[in-house]
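The next block is data_13.txt, given as compact mmCIF, C-alpha atoms.
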```txt
# COMPACT_ATOMS: atom_id res chain seq x y z
CA MET A 66 65.87 102.96 142.72
CA THR A 67 66.51 105.00 145.75
CA ARG A 68 67.35 108.70 145.64
CA HIS A 69 70.92 107.90 146.61
CA ARG A 70 71.44 105.65 143.57
CA VAL A 71 69.80 108.17 141.22
CA ALA A 72 72.05 110.92 142.54
CA LEU A 73 75.12 108.69 142.24
CA ALA A 74 74.18 107.74 138.66
CA GLY A 75 73.77 111.43 137.81
CA ILE A 76 77.21 112.26 139.21
CA VAL A 77 78.84 109.38 137.32
CA CYS A 78 77.22 110.49 134.05
CA SER A 79 78.30 114.11 134.60
CA VAL A 80 81.90 113.10 135.27
CA ALA A 81 81.95 110.80 132.24
CA LEU A 82 80.66 113.53 129.94
CA ALA A 83 83.00 116.16 131.34
CA ALA A 84 86.15 114.04 131.07
CA PRO A 85 88.16 114.49 127.90
CA SER A 86 87.80 111.59 125.55
CA PRO A 87 90.89 109.93 124.16
CA VAL A 88 91.50 111.25 120.66
CA SER A 89 93.96 109.86 118.17
CA ALA A 90 96.87 111.99 117.03
CA ASP A 91 95.45 112.13 113.49
CA ALA A 92 92.24 113.79 114.69
CA ALA A 93 93.95 117.18 114.60
CA PHE A 94 94.88 116.69 110.95
CA ARG A 95 92.70 117.69 108.02
CA ALA A 96 92.46 115.19 105.16
CA CYS A 97 93.22 116.45 101.64
CA LYS A 98 92.67 115.04 98.17
CA PRO A 99 95.43 112.81 96.80
CA VAL A 100 97.82 113.95 94.08
CA LEU A 101 96.92 111.65 91.21
CA ASN A 102 99.70 110.34 88.96
CA PRO A 103 102.35 112.99 89.73
CA TYR A 104 104.98 111.17 87.64
CA PRO A 105 103.44 110.30 84.24
CA HIS A 106 105.62 108.53 81.68
CA THR A 107 108.12 107.37 84.34
CA ARG A 108 108.50 104.10 86.18
CA TYR A 109 106.14 105.58 88.82
CA ASP A 110 103.37 106.14 86.27
CA GLY A 111 100.02 105.57 87.97
CA VAL A 112 101.36 105.71 91.54
CA ASP A 113 99.60 108.42 93.57
CA LEU A 114 100.54 110.50 96.61
CA THR A 115 97.79 109.49 99.04
CA HIS A 116 96.70 110.01 102.66
CA ILE A 117 97.73 113.68 102.53
CA ARG A 118 97.05 115.27 105.92
CA THR A 119 97.81 118.76 107.21
CA SER A 120 97.84 120.14 110.75
CA ALA A 121 97.55 123.79 109.75
CA GLY A 122 97.15 125.67 106.53
CA SER A 123 95.28 124.86 103.38
CA CYS A 124 95.03 121.60 101.50
CA GLU A 125 96.40 123.43 98.46
CA THR A 126 99.64 124.09 100.37
CA ALA A 127 99.75 120.55 101.75
CA ARG A 128 99.35 119.03 98.30
CA ARG A 129 102.05 121.36 96.87
CA VAL A 130 104.47 120.43 99.68
CA ALA A 131 103.80 116.72 99.20
CA ARG A 132 104.18 116.90 95.42
CA ARG A 133 107.32 119.03 95.27
CA ALA A 134 109.13 117.68 98.33
CA HIS A 135 108.46 114.14 97.16
CA ARG A 136 109.89 114.97 93.73
CA LYS A 137 113.12 116.01 95.49
CA ALA A 138 113.04 112.83 97.61
CA LEU A 139 112.93 110.64 94.52
CA LYS A 140 116.08 112.32 93.17
CA MET A 141 118.00 111.25 96.28
CA THR A 142 119.66 107.87 96.70
CA PRO A 143 118.39 106.23 99.89
CA THR A 144 121.17 105.27 102.31
CA GLY A 145 118.97 103.33 104.71
CA ARG A 146 115.37 103.09 105.79
CA TYR A 147 114.94 106.88 106.23
CA ARG A 148 115.37 109.87 103.94
CA ARG A 149 115.98 113.19 105.67
CA PHE A 150 116.28 116.49 103.82
CA THR A 151 114.96 120.05 103.66
CA TRP A 152 112.80 121.55 100.95
CA HIS A 153 112.04 125.31 100.98
CA GLY A 154 112.37 125.45 104.76
CA TRP A 155 110.35 122.27 105.35
CA SER A 156 112.18 119.52 107.25
CA VAL A 157 111.18 116.27 105.54
CA THR A 158 111.55 112.71 106.80
CA GLY A 159 110.63 109.73 104.67
CA ASP A 160 110.17 106.28 106.18
CA LEU A 161 110.79 103.87 103.32
CA GLN A 162 108.60 100.91 104.22
CA PRO A 163 108.02 97.90 101.96
CA ASP A 164 104.40 98.62 100.95
CA HIS A 165 104.09 102.41 101.16
CA ASP A 166 106.62 105.11 101.95
CA HIS A 167 105.45 107.44 104.73
CA TYR A 168 106.60 111.06 104.63
CA VAL A 169 106.31 113.91 107.15
CA ALA A 170 107.23 117.54 106.42
CA ARG A 171 107.50 120.06 109.28
CA LYS A 172 107.85 123.86 109.26
CA ASP A 173 106.99 126.50 111.90
CA GLY A 174 104.78 124.14 113.92
CA ARG A 175 102.89 122.99 110.82
CA GLN A 176 102.97 119.43 109.57
CA VAL A 177 102.10 117.69 106.30
CA ARG A 178 101.96 113.89 105.99
CA TRP A 179 101.56 111.69 102.93
CA HIS A 180 102.08 108.16 101.59
CA PHE A 181 103.67 107.09 98.34
```
How does this structure look as structure tokens?
Amino acid sequence: MTRHRVALAGIVCSVALAAPSPVSADAAFRACKPVLNPYPHTRYDGVDLTHIRTSAGSCETARRVARRAHRKALKMTPTGRYRRFTWHGWSVTGDLQPDHDHYVARKDGRQVRWHF
């Protein structure tokens, strides 16, 4: 190769490494352990709260928010595809999909997500 091509290849590699790579929205979220069997001896016995993710804060807090906010959600009668309510200052939205319900709780720029 000529010097010109080597220099051009070096510039292309530098630009490619310096450019920000596309990152999914979930990359900023920390994965937490699931809440196993939160409703024993009910019709939801054996159904776990899974895919718990948090954007800020501890997994302990995220698991507590998922467990307790979801308990409130189950006490509500759904009026459509979405459940919207507040729990201890957290704004919670539940997307009631056929296979798994997807929930998001938001408070002060923090976010907790989980599936049921």
Open item on the list: Taking only C-alpha atoms into account, name the residue in A:Lys137, A:His153, A:Arg178, A:His165 that is nearest to Val112 in chain A.
Closed with: A:His165
Open item on the list: Counting only C-alpha atoms, I want the residues whose atoms come within 8 Å of (111.0, 107.4, 101.7) in the file frame, returned as a ChimeraX atom specification.
Closed with: /A:138,143,146-148,158-162,166-168
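We find CA of Tyr104 in chain A and CA of Arg136 in chain A to be spaced 8.7 Å apart.
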- [ ] Excluding Val169 in chain A and any residue of its chain fewer than 2 positions from it, enumerate the residues within 12 Å of it, using only C-alpha atoms, and give them as a PyMOL selection string.
- [x] chain A and resi 116-120+127+130-131+134-135+138+147-152+155-161+166-167+171-172+175-181
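Here CA of Val100 in chain A and CA of Asp113 in chain A stand 5.8 Å from one another.
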TODO: Take CA of Gly122 in chain A and CA of Asn102 in chain A and report the distance between them in Å, one decimal.
DONE: 23.5 Å
TODO: Rank nothing, just name the residue among A:His106, A:Lys98, A:Thr144, A:Leu139 nearest to Glu125 in chain A, using all atoms listed in the file.
DONE: A:Lys98
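Remark: for Arg129 in chain A, the closest of the candidate residues A:Asp173, A:Met141, A:Leu114, A:Arg95 is A:Leu114 (distances computed over only C-alpha atoms).
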